[in-house]
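As provided, work_2.pdb (PDB, C-alpha atoms, pLDDT in the B column) reads as follows.
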```pdb
ATOM      1  CA  MET A1264    -216.176  21.784   7.453  1.00 71.00           C
ATOM      2  CA  ALA A1265    -219.939  21.593   7.737  1.00 94.00           C
ATOM      3  CA  LEU A1266    -222.946  20.429   9.673  1.00 97.00           C
ATOM      4  CA  ARG A1267    -226.201  19.400   8.043  1.00 98.00           C
ATOM      5  CA  LEU A1268    -229.440  20.678   9.585  1.00 98.00           C
ATOM      6  CA  VAL A1269    -232.695  18.866   8.771  1.00 98.00           C
ATOM      7  CA  PHE A1270    -236.060  20.533   9.414  1.00 98.00           C
ATOM      8  CA  LEU A1271    -239.007  18.140   9.649  1.00 97.00           C
ATOM      9  CA  GLY A1272    -242.705  18.866   9.391  1.00 95.00           C
ATOM     10  CA  ARG A1273    -243.785  22.483   9.790  1.00 94.00           C
ATOM     11  CA  LEU A1274    -240.186  23.461  10.652  1.00 96.00           C
ATOM     12  CA  GLU A1275    -239.481  23.137   6.938  1.00 96.00           C
ATOM     13  CA  ASP A1276    -241.736  26.181   6.424  1.00 94.00           C
ATOM     14  CA  ALA A1277    -240.019  28.100   9.236  1.00 95.00           C
ATOM     15  CA  ALA A1278    -236.586  27.396   7.709  1.00 97.00           C
ATOM     16  CA  GLY A1279    -237.746  27.940   4.130  1.00 96.00           C
ATOM     17  CA  GLU A1280    -236.094  24.654   3.103  1.00 97.00           C
ATOM     18  CA  PRO A1281    -236.057  21.012   4.268  1.00 96.00           C
ATOM     19  CA  GLU A1282    -232.333  20.987   4.991  1.00 96.00           C
ATOM     20  CA  ARG A1283    -229.273  23.169   4.863  1.00 97.00           C
ATOM     21  CA  ASP A1284    -225.545  22.891   5.347  1.00 97.00           C
ATOM     22  CA  VAL A1285    -223.923  25.329   7.752  1.00 97.00           C
ATOM     23  CA  ILE A1286    -220.305  25.817   8.711  1.00 95.00           C
ATOM     24  CA  HIS A1287    -219.104  23.622  11.546  1.00 94.00           C
ATOM     25  CA  ALA A1288    -219.807  24.786  15.086  1.00 94.00           C
ATOM     26  CA  SER A1289    -218.969  22.626  18.073  1.00 95.00           C
ATOM     27  CA  SER A1290    -221.795  23.619  20.420  1.00 96.00           C
ATOM     28  CA  TYR A1291    -225.549  23.802  20.020  1.00 97.00           C
ATOM     29  CA  ALA A1292    -225.554  27.458  21.083  1.00 96.00           C
ATOM     30  CA  GLN A1293    -223.100  28.252  18.300  1.00 96.00           C
ATOM     31  CA  VAL A1294    -225.316  26.499  15.750  1.00 97.00           C
ATOM     32  CA  LEU A1295    -228.307  28.596  16.837  1.00 97.00           C
ATOM     33  CA  ALA A1296    -226.200  31.769  16.728  1.00 96.00           C
ATOM     34  CA  GLY A1297    -225.764  31.253  12.992  1.00 95.00           C
ATOM     35  CA  LEU A1298    -229.495  31.003  12.225  1.00 96.00           C
ATOM     36  CA  GLU A1299    -232.065  33.703  11.546  1.00 96.00           C
ATOM     37  CA  SER A1300    -233.974  34.814  14.655  1.00 96.00           C
ATOM     38  CA  GLU A1301    -237.422  33.676  13.399  1.00 95.00           C
ATOM     39  CA  LEU A1302    -236.069  30.160  12.919  1.00 97.00           C
ATOM     40  CA  VAL A1303    -234.371  30.162  16.334  1.00 97.00           C
ATOM     41  CA  ALA A1304    -237.735  31.152  17.859  1.00 96.00           C
ATOM     42  CA  ALA A1305    -239.484  28.275  16.051  1.00 96.00           C
ATOM     43  CA  LEU A1306    -236.837  25.806  17.253  1.00 96.00           C
ATOM     44  CA  ALA A1307    -237.262  26.949  20.873  1.00 94.00           C
ATOM     45  CA  ASP A1308    -240.604  25.117  21.193  1.00 94.00           C
ATOM     46  CA  PRO A1309    -239.955  22.653  24.056  1.00 93.00           C
ATOM     47  CA  ARG A1310    -241.892  19.911  22.228  1.00 93.00           C
ATOM     48  CA  ILE A1311    -239.276  19.808  19.470  1.00 96.00           C
ATOM     49  CA  LYS A1312    -236.785  16.986  19.808  1.00 96.00           C
ATOM     50  CA  LEU A1313    -233.274  16.983  18.414  1.00 97.00           C
ATOM     51  CA  ALA A1314    -231.528  13.995  16.859  1.00 98.00           C
ATOM     52  CA  VAL A1315    -227.833  13.938  16.029  1.00 98.00           C
ATOM     53  CA  ASN A1316    -226.871  11.308  13.448  1.00 97.00           C
ATOM     54  CA  GLY A1317    -230.174   9.497  14.065  1.00 95.00           C
ATOM     55  CA  GLU A1318    -229.948   9.415  17.885  1.00 95.00           C
ATOM     56  CA  ILE A1319    -232.302  11.493  20.035  1.00 95.00           C
ATOM     57  CA  VAL A1320    -230.333  13.900  22.207  1.00 96.00           C
ATOM     58  CA  GLY A1321    -231.122  14.347  25.910  1.00 91.00           C
ATOM     59  CA  ASP A1322    -229.130  17.433  26.907  1.00 93.00           C
ATOM     60  CA  ARG A1323    -228.457  19.496  23.796  1.00 93.00           C
ATOM     61  CA  ASN A1324    -226.293  21.969  25.712  1.00 93.00           C
ATOM     62  CA  ALA A1325    -223.826  19.154  26.448  1.00 95.00           C
ATOM     63  CA  LEU A1326    -223.332  18.357  22.748  1.00 95.00           C
ATOM     64  CA  VAL A1327    -219.885  18.487  21.188  1.00 96.00           C
ATOM     65  CA  LEU A1328    -220.496  18.436  17.461  1.00 97.00           C
ATOM     66  CA  ALA A1329    -218.126  16.888  14.951  1.00 96.00           C
ATOM     67  CA  ASP A1330    -217.609  17.845  11.335  1.00 96.00           C
ATOM     68  CA  GLY A1331    -220.247  16.159   9.159  1.00 96.00           C
ATOM     69  CA  ASP A1332    -222.802  15.647  11.946  1.00 97.00           C
ATOM     70  CA  GLU A1333    -226.468  15.729  10.937  1.00 98.00           C
ATOM     71  CA  LEU A1334    -228.835  17.563  13.305  1.00 98.00           C
ATOM     72  CA  ALA A1335    -232.522  16.860  12.781  1.00 98.00           C
ATOM     73  CA  PHE A1336    -235.230  18.967  14.404  1.00 98.00           C
ATOM     74  CA  LEU A1337    -238.323  16.876  15.061  1.00 97.00           C
ATOM     75  CA  PRO A1338    -241.632  18.581  15.909  1.00 95.00           C
ATOM     76  CA  PRO A1339    -244.538  16.604  17.455  1.00 92.00           C
ATOM     77  CA  VAL A1340    -245.584  13.799  15.120  1.00 92.00           C
ATOM     78  CA  SER A1341    -248.911  13.446  13.322  1.00 81.00           C
ATOM     79  CA  GLY A1342    -248.859  10.157  11.463  1.00 66.00           C
ATOM     80  CA  GLY A1343    -251.088   7.202  10.791  1.00 63.00           C
TER      81      GLY A1343
ATOM     82  CA  MET B1207    -242.836 -15.405  15.212  1.00 56.00           C
ATOM     83  CA  THR B1208    -242.122 -13.018  12.368  1.00 84.00           C
ATOM     84  CA  ALA B1209    -242.886  -9.397  11.756  1.00 95.00           C
ATOM     85  CA  ASP B1210    -243.179  -7.930   8.254  1.00 97.00           C
ATOM     86  CA  VAL B1211    -242.429  -4.221   8.595  1.00 98.00           C
ATOM     87  CA  ARG B1212    -242.213  -1.974   5.553  1.00 98.00           C
ATOM     88  CA  LEU B1213    -242.058   1.766   4.888  1.00 98.00           C
ATOM     89  CA  LEU B1214    -243.389   2.197   1.352  1.00 98.00           C
ATOM     90  CA  SER B1215    -242.876   5.056  -1.097  1.00 98.00           C
ATOM     91  CA  VAL B1216    -245.485   3.833  -3.618  1.00 97.00           C
ATOM     92  CA  SER B1217    -249.088   2.696  -3.230  1.00 97.00           C
ATOM     93  CA  PHE B1218    -249.856  -0.881  -2.205  1.00 98.00           C
ATOM     94  CA  ASP B1219    -252.729  -3.346  -2.620  1.00 98.00           C
ATOM     95  CA  ALA B1220    -254.154  -3.734   0.889  1.00 98.00           C
ATOM     96  CA  ALA B1221    -256.439  -6.662  -0.033  1.00 97.00           C
ATOM     97  CA  ALA B1222    -253.588  -8.614  -1.636  1.00 98.00           C
ATOM     98  CA  GLU B1223    -251.278  -7.894   1.308  1.00 98.00           C
ATOM     99  CA  THR B1224    -253.929  -9.016   3.810  1.00 97.00           C
ATOM    100  CA  ALA B1225    -254.566 -12.233   1.859  1.00 97.00           C
ATOM    101  CA  ALA B1226    -250.832 -12.998   1.605  1.00 97.00           C
ATOM    102  CA  PHE B1227    -250.428 -12.373   5.339  1.00 97.00           C
ATOM    103  CA  ALA B1228    -253.314 -14.750   6.170  1.00 95.00           C
ATOM    104  CA  SER B1229    -251.934 -17.513   3.983  1.00 95.00           C
ATOM    105  CA  ALA B1230    -248.423 -17.056   5.417  1.00 95.00           C
ATOM    106  CA  HIS B1231    -249.909 -17.748   8.862  1.00 95.00           C
ATOM    107  CA  ALA B1232    -252.272 -20.586   8.031  1.00 90.00           C
ATOM    108  CA  ALA B1233    -251.821 -22.127  11.491  1.00 90.00           C
ATOM    109  CA  ALA B1234    -253.163 -19.020  13.234  1.00 92.00           C
ATOM    110  CA  GLY B1235    -256.871 -19.226  13.977  1.00 90.00           C
ATOM    111  CA  GLY B1236    -257.421 -15.493  13.929  1.00 94.00           C
ATOM    112  CA  ILE B1237    -256.259 -12.643  11.720  1.00 96.00           C
ATOM    113  CA  ALA B1238    -257.200  -9.083  12.640  1.00 98.00           C
ATOM    114  CA  SER B1239    -256.323  -6.177  10.392  1.00 98.00           C
ATOM    115  CA  PHE B1240    -256.785  -2.441  10.185  1.00 98.00           C
ATOM    116  CA  LEU B1241    -256.565  -0.325   7.047  1.00 97.00           C
ATOM    117  CA  GLY B1242    -256.198   3.435   7.206  1.00 96.00           C
ATOM    118  CA  GLN B1243    -256.857   5.307   3.958  1.00 95.00           C
ATOM    119  CA  VAL B1244    -256.851   8.893   2.763  1.00 94.00           C
ATOM    120  CA  ARG B1245    -260.257  10.319   3.546  1.00 89.00           C
ATOM    121  CA  ALA B1246    -262.271  11.716   0.669  1.00 87.00           C
ATOM    122  CA  GLY B1247    -263.962  14.949   1.685  1.00 85.00           C
ATOM    123  CA  ALA B1248    -263.261  18.393   3.028  1.00 83.00           C
ATOM    124  CA  ASN B1249    -261.220  19.899   5.853  1.00 83.00           C
ATOM    125  CA  ASP B1250    -261.671  23.505   7.063  1.00 83.00           C
ATOM    126  CA  PHE B1251    -260.091  24.837   3.867  1.00 83.00           C
ATOM    127  CA  GLY B1252    -261.941  22.864   1.186  1.00 86.00           C
ATOM    128  CA  ASP B1253    -261.851  19.447  -0.403  1.00 90.00           C
ATOM    129  CA  VAL B1254    -258.708  17.508   0.451  1.00 91.00           C
ATOM    130  CA  GLU B1255    -256.851  16.948  -2.813  1.00 95.00           C
ATOM    131  CA  ALA B1256    -253.805  15.164  -1.435  1.00 96.00           C
ATOM    132  CA  LEU B1257    -252.082  14.119   1.753  1.00 96.00           C
ATOM    133  CA  GLU B1258    -248.329  13.905   2.309  1.00 96.00           C
ATOM    134  CA  LEU B1259    -246.577  11.951   4.999  1.00 96.00           C
ATOM    135  CA  GLN B1260    -243.023  12.980   5.595  1.00 96.00           C
ATOM    136  CA  HIS B1261    -240.579  10.726   7.447  1.00 97.00           C
ATOM    137  CA  TYR B1262    -236.975  10.910   8.638  1.00 97.00           C
ATOM    138  CA  ALA B1263    -235.084   7.908   7.317  1.00 96.00           C
ATOM    139  CA  PRO B1264    -232.620   7.409  10.196  1.00 96.00           C
ATOM    140  CA  LEU B1265    -235.485   7.174  12.708  1.00 97.00           C
ATOM    141  CA  THR B1266    -238.788   6.173  11.117  1.00 97.00           C
ATOM    142  CA  LEU B1267    -238.270   2.586   9.957  1.00 97.00           C
ATOM    143  CA  PRO B1268    -236.166   1.643  13.026  1.00 96.00           C
ATOM    144  CA  ALA B1269    -239.005   2.967  15.235  1.00 96.00           C
ATOM    145  CA  MET B1270    -241.563   0.909  13.274  1.00 97.00           C
ATOM    146  CA  GLN B1271    -239.394  -2.194  13.756  1.00 97.00           C
ATOM    147  CA  ALA B1272    -239.074  -1.508  17.485  1.00 96.00           C
ATOM    148  CA  LEU B1273    -242.865  -1.084  17.723  1.00 97.00           C
ATOM    149  CA  ALA B1274    -243.407  -4.436  15.974  1.00 97.00           C
ATOM    150  CA  ALA B1275    -240.995  -6.117  18.390  1.00 97.00           C
ATOM    151  CA  GLN B1276    -242.861  -4.599  21.348  1.00 97.00           C
ATOM    152  CA  ALA B1277    -246.195  -5.918  20.075  1.00 97.00           C
ATOM    153  CA  MET B1278    -244.712  -9.361  19.396  1.00 96.00           C
ATOM    154  CA  ALA B1279    -243.352  -9.462  22.949  1.00 96.00           C
ATOM    155  CA  ARG B1280    -246.598  -8.298  24.537  1.00 96.00           C
ATOM    156  CA  TRP B1281    -249.078 -10.657  22.873  1.00 95.00           C
ATOM    157  CA  ALA B1282    -248.920 -14.263  21.725  1.00 94.00           C
ATOM    158  CA  LEU B1283    -248.736 -13.599  17.996  1.00 96.00           C
ATOM    159  CA  ALA B1284    -247.845 -15.878  15.119  1.00 96.00           C
ATOM    160  CA  GLY B1285    -247.102 -12.891  12.936  1.00 97.00           C
ATOM    161  CA  LEU B1286    -247.422  -9.149  12.612  1.00 98.00           C
ATOM    162  CA  LEU B1287    -247.806  -7.025   9.485  1.00 98.00           C
ATOM    163  CA  LEU B1288    -246.989  -3.337   9.631  1.00 98.00           C
ATOM    164  CA  LEU B1289    -247.050  -1.401   6.345  1.00 98.00           C
ATOM    165  CA  HIS B1290    -246.930   2.394   6.227  1.00 97.00           C
ATOM    166  CA  ARG B1291    -246.785   4.777   3.304  1.00 97.00           C
ATOM    167  CA  GLN B1292    -244.668   7.877   3.043  1.00 97.00           C
ATOM    168  CA  GLY B1293    -244.853  10.528   0.327  1.00 97.00           C
ATOM    169  CA  VAL B1294    -247.866  12.003  -1.462  1.00 97.00           C
ATOM    170  CA  MET B1295    -251.197  10.129  -1.516  1.00 97.00           C
ATOM    171  CA  HIS B1296    -254.663  10.864  -2.869  1.00 97.00           C
ATOM    172  CA  PRO B1297    -258.182  10.207  -1.472  1.00 95.00           C
ATOM    173  CA  GLY B1298    -258.967   6.487  -1.353  1.00 95.00           C
ATOM    174  CA  GLU B1299    -255.313   5.394  -1.307  1.00 97.00           C
ATOM    175  CA  PRO B1300    -254.117   3.253   1.598  1.00 97.00           C
ATOM    176  CA  ILE B1301    -251.877   4.908   4.225  1.00 96.00           C
ATOM    177  CA  VAL B1302    -251.352   2.175   6.760  1.00 97.00           C
ATOM    178  CA  LEU B1303    -252.129  -1.529   7.056  1.00 98.00           C
ATOM    179  CA  VAL B1304    -251.666  -3.393  10.312  1.00 98.00           C
ATOM    180  CA  GLY B1305    -252.332  -7.122  10.630  1.00 98.00           C
ATOM    181  CA  ALA B1306    -251.920  -9.522  13.525  1.00 98.00           C
ATOM    182  CA  ALA B1307    -252.141 -13.312  13.372  1.00 97.00           C
ATOM    183  CA  ALA B1308    -252.802 -15.204  16.591  1.00 96.00           C
ATOM    184  CA  ARG B1309    -254.254 -18.392  17.967  1.00 94.00           C
ATOM    185  CA  HIS B1310    -256.906 -16.364  19.790  1.00 90.00           C
ATOM    186  CA  ARG B1311    -258.765 -13.331  18.504  1.00 94.00           C
ATOM    187  CA  ARG B1312    -258.260 -11.041  21.508  1.00 95.00           C
ATOM    188  CA  ASP B1313    -254.496 -11.032  21.093  1.00 96.00           C
ATOM    189  CA  ALA B1314    -254.913 -10.198  17.397  1.00 97.00           C
ATOM    190  CA  PHE B1315    -257.384  -7.335  18.005  1.00 97.00           C
ATOM    191  CA  ALA B1316    -255.320  -5.865  20.851  1.00 97.00           C
ATOM    192  CA  ALA B1317    -252.031  -6.014  18.925  1.00 97.00           C
ATOM    193  CA  CYS B1318    -253.601  -4.143  15.978  1.00 97.00           C
ATOM    194  CA  GLU B1319    -254.961  -1.394  18.229  1.00 96.00           C
ATOM    195  CA  PHE B1320    -251.674  -1.116  20.106  1.00 97.00           C
ATOM    196  CA  ALA B1321    -249.764  -0.769  16.839  1.00 96.00           C
ATOM    197  CA  MET B1322    -252.180   1.835  15.451  1.00 95.00           C
ATOM    198  CA  ASP B1323    -252.222   3.945  18.619  1.00 93.00           C
ATOM    199  CA  HIS B1324    -248.432   4.068  18.597  1.00 93.00           C
ATOM    200  CA  LEU B1325    -248.185   4.734  14.856  1.00 92.00           C
ATOM    201  CA  LYS B1326    -250.510   7.731  15.223  1.00 88.00           C
ATOM    202  CA  SER B1327    -248.742   9.460  18.054  1.00 85.00           C
ATOM    203  CA  GLU B1328    -245.249   8.100  18.515  1.00 89.00           C
ATOM    204  CA  ILE B1329    -243.683   7.081  15.228  1.00 93.00           C
ATOM    205  CA  TRP B1330    -241.774   9.691  13.218  1.00 95.00           C
ATOM    206  CA  PHE B1331    -244.266  10.885  10.620  1.00 96.00           C
ATOM    207  CA  TRP B1332    -245.428  14.389   9.812  1.00 96.00           C
ATOM    208  CA  LYS B1333    -248.612  14.889   7.869  1.00 95.00           C
ATOM    209  CA  ARG B1334    -249.827  17.707   5.683  1.00 95.00           C
ATOM    210  CA  GLU B1335    -252.958  18.103   3.595  1.00 94.00           C
ATOM    211  CA  LYS B1336    -253.501  19.943   0.359  1.00 95.00           C
ATOM    212  CA  ALA B1337    -256.863  21.685   0.179  1.00 93.00           C
ATOM    213  CA  GLY B1338    -257.974  24.747  -1.747  1.00 89.00           C
ATOM    214  CA  GLY B1339    -254.678  24.556  -3.653  1.00 90.00           C
ATOM    215  CA  SER B1340    -252.337  24.940  -0.682  1.00 93.00           C
ATOM    216  CA  TRP B1341    -250.554  22.638   1.771  1.00 94.00           C
ATOM    217  CA  ARG B1342    -251.095  22.846   5.533  1.00 93.00           C
ATOM    218  CA  TRP B1343    -249.416  20.799   8.275  1.00 93.00           C
ATOM    219  CA  VAL B1344    -251.709  18.689  10.444  1.00 90.00           C
ATOM    220  CA  GLU B1345    -251.057  19.217  14.141  1.00 83.00           C
ATOM    221  CA  PRO B1346    -251.143  16.262  16.564  1.00 81.00           C
ATOM    222  CA  ARG B1347    -254.560  15.592  18.125  1.00 79.00           C
ATOM    223  CA  GLU B1348    -255.024  15.439  21.889  1.00 79.00           C
ATOM    224  CA  GLN B1349    -257.122  12.318  21.353  1.00 82.00           C
ATOM    225  CA  ASP B1350    -254.171  10.506  19.759  1.00 80.00           C
ATOM    226  CA  ILE B1351    -252.014  11.229  22.807  1.00 78.00           C
ATOM    227  CA  ALA B1352    -254.810  10.088  25.138  1.00 81.00           C
ATOM    228  CA  ASP B1353    -255.167   6.877  23.101  1.00 82.00           C
ATOM    229  CA  LEU B1354    -251.523   6.087  23.728  1.00 82.00           C
ATOM    230  CA  GLN B1355    -251.857   6.355  27.493  1.00 84.00           C
ATOM    231  CA  ARG B1356    -254.193   3.386  27.733  1.00 86.00           C
ATOM    232  CA  TRP B1357    -251.233   1.075  26.991  1.00 87.00           C
ATOM    233  CA  GLN B1358    -248.976   2.464  29.725  1.00 84.00           C
TER     234      GLN B1358
END
```

Structure re-expressed in structure tokens:
Amino acid sequence: MALRLVFLGRLEDAAGEPERDVIHASSYAQVLAGLESELVAALADPRIKLAVNGEIVGDRNALVLADGDELAFLPPVSGG
Amino acid sequence: MTADVRLLSVSFDAAAETAAFASAHAAAGGIASFLGQVRAGANDFGDVEALELQHYAPLTLPAMQALAAQAMARWALAGLLLLHRQGVMHPGEPIVLVGAAARHRRDAFAACEFAMDHLKSEIWFWKREKAGGSWRWVEPREQDIADLQRWQ
């Protein structure tokens, strides 16, 4: 029973790793509750978008997460 | 009406790609292209030794394909080329190549600029530079966001 968290861009530095598996939690608040406080603070930036299984999420508090879901945290882009 | 959209993990030959694109669209009177390459020189921390572009596979290529479709719908194009690197690159290596083939030059120029403005500020890439021996993330530029607004 697990969720995969993916940290893109500078969030990789905040998390100390590009991705990690955590035990399954059904709500977004429960996912955050399992993370270290410095990382939670970094993820609170309102410019960061969240994708679940490759789809951008509108209201993250309405999420009901299933076992095996992949949550990607996407900071503002800087490509090209 | 075809778009050639690729997310590449190894370097590419921009001149050969541009030539192949032009010959694939021989009926188009105008081909415009833009090449972005890793700048040789220094940032605030020293000479830039390398640049890395990170992507997120479930989102990045689909977003590039959607961008190509938008450009194809907006201008009268015979073809569109959209190549973008991911991974680690060194000064002088190509990062991005955009090409547009059209009957008339203005459509080709505009489609290239539209694609570049969106690639810079909307497509899922994160950039970091290595200088003075350490990696630093490059934050988005206000100018890139302003450039995007001209198309809205």

TODO: Determine the nearest neighbour of chain B from the options A:Met1264, A:Leu1328, A:Val1269, A:Val1294, counting all atoms listed in the file.
DONE: A:Val1269

- [ ] Can you work out the spacing between atom CA of B:Gly1236 and atom CA of B:Leu1288 in Å, to one decimal?
- [x] 16.6 Å

Task: Nearest-residue call for chain A, choices B:Leu1241, B:Ala1226, B:Ala1248, B:Ala1314, using all atoms listed in the file - done: B:Leu1241

Open item on the list: Neighbouring residues of B:Ala1233 were defined as those with any atom within 10 Å, considering all atoms listed in the file; residues of the same chain fewer than 2 positions away were excluded. Please report them as an NGL selection string.
Closed with: :B and (1228-1231 or 1235-1236 or 1284 or 1307-1309)

TODO: May I have the residues of chain B within 10 Å of chain A, counting only C-alpha atoms, written as number ranges by chain?
DONE: B: 1242-1243, 1258-1266, 1268, 1290-1292, 1301-1303, 1322-1334, 1342-1347, 1350

Would you export the selected residues with C-alpha atoms as a compact mmCIF listing (two decimals), keeping the file's coordinate frame, please?
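Output file again-v3.txt follows:
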```txt
# COMPACT_ATOMS: atom_id res chain seq x y z
CA GLY B 1242 -256.20 3.44 7.21
CA GLN B 1243 -256.86 5.31 3.96
CA GLU B 1258 -248.33 13.90 2.31
CA LEU B 1259 -246.58 11.95 5.00
CA GLN B 1260 -243.02 12.98 5.60
CA HIS B 1261 -240.58 10.73 7.45
CA TYR B 1262 -236.98 10.91 8.64
CA ALA B 1263 -235.08 7.91 7.32
CA PRO B 1264 -232.62 7.41 10.20
CA LEU B 1265 -235.48 7.17 12.71
CA THR B 1266 -238.79 6.17 11.12
CA PRO B 1268 -236.17 1.64 13.03
CA HIS B 1290 -246.93 2.39 6.23
CA ARG B 1291 -246.78 4.78 3.30
CA GLN B 1292 -244.67 7.88 3.04
CA ILE B 1301 -251.88 4.91 4.22
CA VAL B 1302 -251.35 2.17 6.76
CA LEU B 1303 -252.13 -1.53 7.06
CA MET B 1322 -252.18 1.84 15.45
CA ASP B 1323 -252.22 3.94 18.62
CA HIS B 1324 -248.43 4.07 18.60
CA LEU B 1325 -248.18 4.73 14.86
CA LYS B 1326 -250.51 7.73 15.22
CA SER B 1327 -248.74 9.46 18.05
CA GLU B 1328 -245.25 8.10 18.52
CA ILE B 1329 -243.68 7.08 15.23
CA TRP B 1330 -241.77 9.69 13.22
CA PHE B 1331 -244.27 10.88 10.62
CA TRP B 1332 -245.43 14.39 9.81
CA LYS B 1333 -248.61 14.89 7.87
CA ARG B 1334 -249.83 17.71 5.68
CA ARG B 1342 -251.10 22.85 5.53
CA TRP B 1343 -249.42 20.80 8.28
CA VAL B 1344 -251.71 18.69 10.44
CA GLU B 1345 -251.06 19.22 14.14
CA PRO B 1346 -251.14 16.26 16.56
CA ARG B 1347 -254.56 15.59 18.12
CA ASP B 1350 -254.17 10.51 19.76
```

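For B:Ala1277, the non-local neighbours within 6 Å, defined as residues at least 3 positions apart in the same chain or in other chains and counting all atoms listed in the file, are Ala1274, Arg1280 and Ala1317 of chain B.
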
TODO: Name all residues at most 12 Å from stretch 1321-1325 of chain A (count only C-alpha atoms; drop same-chain ones fewer than 5 positions away) and give them as number ranges by chain.
DONE: A: 1289-1295, 1307, 1309, 1311-1315, 1334, 1336

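One finds atom CA of B:His1296 at 17.5 Å from atom CA of B:Asp1250.
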
Given 3 Å on each side, where is the centre and what are the edge lengths in Å to one decimal of the axis-aligned box enclosing the listed atoms of stretch 1305-1310 of chain A, as JSON?
```
{"center_x": -239.4, "center_y": 24.1, "center_z": 20.1, "size_x": 11.1, "size_y": 14.4, "size_z": 14.0}
```

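Atom CA of B:Gln1349 is positioned 22.7 Å from atom CA of B:Leu1289.
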
Open item on the list: For this structure, which residues satisfy the selection - the PyMOL selection byres ((chain B and resi 1238) around 8) - when it is evaluated on the file as given? I want them as a ChimeraX atom specification.
Closed with: /B:1236-1237,1239-1240,1305-1307,1311,1314-1315,1318

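Residues lying at most 9 Å from (-216.9, 21.3, 8.6) in file coordinates, with all atoms listed in the file considered, are Met1264, Ala1265, Leu1266, Val1285, Ile1286, His1287, Ala1288, Ala1329, Asp1330, Gly1331 and Asp1332 of chain A.
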
Suppose we keep C-alpha atoms; can you now write the selection as an mmCIF file, keeping the file's coordinate frame?
```
data_model
loop_
_atom_site.group_PDB
_atom_site.id
_atom_site.type_symbol
_atom_site.label_atom_id
_atom_site.label_comp_id
_atom_site.auth_asym_id
_atom_site.auth_seq_id
_atom_site.Cartn_x
_atom_site.Cartn_y
_atom_site.Cartn_z
ATOM 1 C CA MET A 1264 -216.176 21.784 7.453
ATOM 2 C CA ALA A 1265 -219.939 21.593 7.737
ATOM 3 C CA LEU A 1266 -222.946 20.429 9.673
ATOM 4 C CA VAL A 1285 -223.923 25.329 7.752
ATOM 5 C CA ILE A 1286 -220.305 25.817 8.711
ATOM 6 C CA HIS A 1287 -219.104 23.622 11.546
ATOM 7 C CA ALA A 1288 -219.807 24.786 15.086
ATOM 8 C CA ALA A 1329 -218.126 16.888 14.951
ATOM 9 C CA ASP A 1330 -217.609 17.845 11.335
ATOM 10 C CA GLY A 1331 -220.247 16.159 9.159
ATOM 11 C CA ASP A 1332 -222.802 15.647 11.946
#
```

Can you write out as a tab-separated table which residues of stretch 1233-1324 of chain B fall within 6 Å of stretch 1335-1338 of chain B, alongside each residue's closest atom pair and its distance in Å to one decimal, counting all atoms listed in the file and ordering rows by chain and ascending residue number?
```
residue	atom	partner	partner_atom	distance
B:Phe1251	CA	B:Ala1337	CA	5.8
B:Gly1252	CA	B:Gly1338	CA	5.3
B:Asp1253	CA	B:Ala1337	CA	5.5
B:Val1254	CA	B:Ala1337	CA	4.6
B:Glu1255	CA	B:Lys1336	CA	5.5
B:Ala1256	CA	B:Lys1336	CA	5.1
B:Leu1257	CA	B:Glu1335	CA	4.5
```

Limited to C-alpha atoms, could you put the picked residues into a file as a PDB file, in the coordinates of the input?
```
ATOM      1  CA  PHE B1251    -260.091  24.837   3.867  1.00 83.00           C
ATOM      2  CA  GLY B1252    -261.941  22.864   1.186  1.00 86.00           C
ATOM      3  CA  ASP B1253    -261.851  19.447  -0.403  1.00 90.00           C
ATOM      4  CA  VAL B1254    -258.708  17.508   0.451  1.00 91.00           C
ATOM      5  CA  GLU B1255    -256.851  16.948  -2.813  1.00 95.00           C
ATOM      6  CA  ALA B1256    -253.805  15.164  -1.435  1.00 96.00           C
ATOM      7  CA  LEU B1257    -252.082  14.119   1.753  1.00 96.00           C
TER       8      LEU B1257
END
```

Near stretch 1299-1302 of chain A, counting only C-alpha atoms, which residues have an atom at most 8 Å away, once you skip same-chain residues fewer than 2 positions from it, shown as a PDB file with C-alpha atoms, in the coordinates of the input?
```
ATOM      1  CA  ALA A1277    -240.019  28.100   9.236  1.00 95.00           C
ATOM      2  CA  ALA A1278    -236.586  27.396   7.709  1.00 97.00           C
ATOM      3  CA  GLY A1297    -225.764  31.253  12.992  1.00 95.00           C
ATOM      4  CA  ALA A1304    -237.735  31.152  17.859  1.00 96.00           C
ATOM      5  CA  ALA A1305    -239.484  28.275  16.051  1.00 96.00           C
ATOM      6  CA  LEU A1306    -236.837  25.806  17.253  1.00 96.00           C
TER       7      LEU A1306
END
```
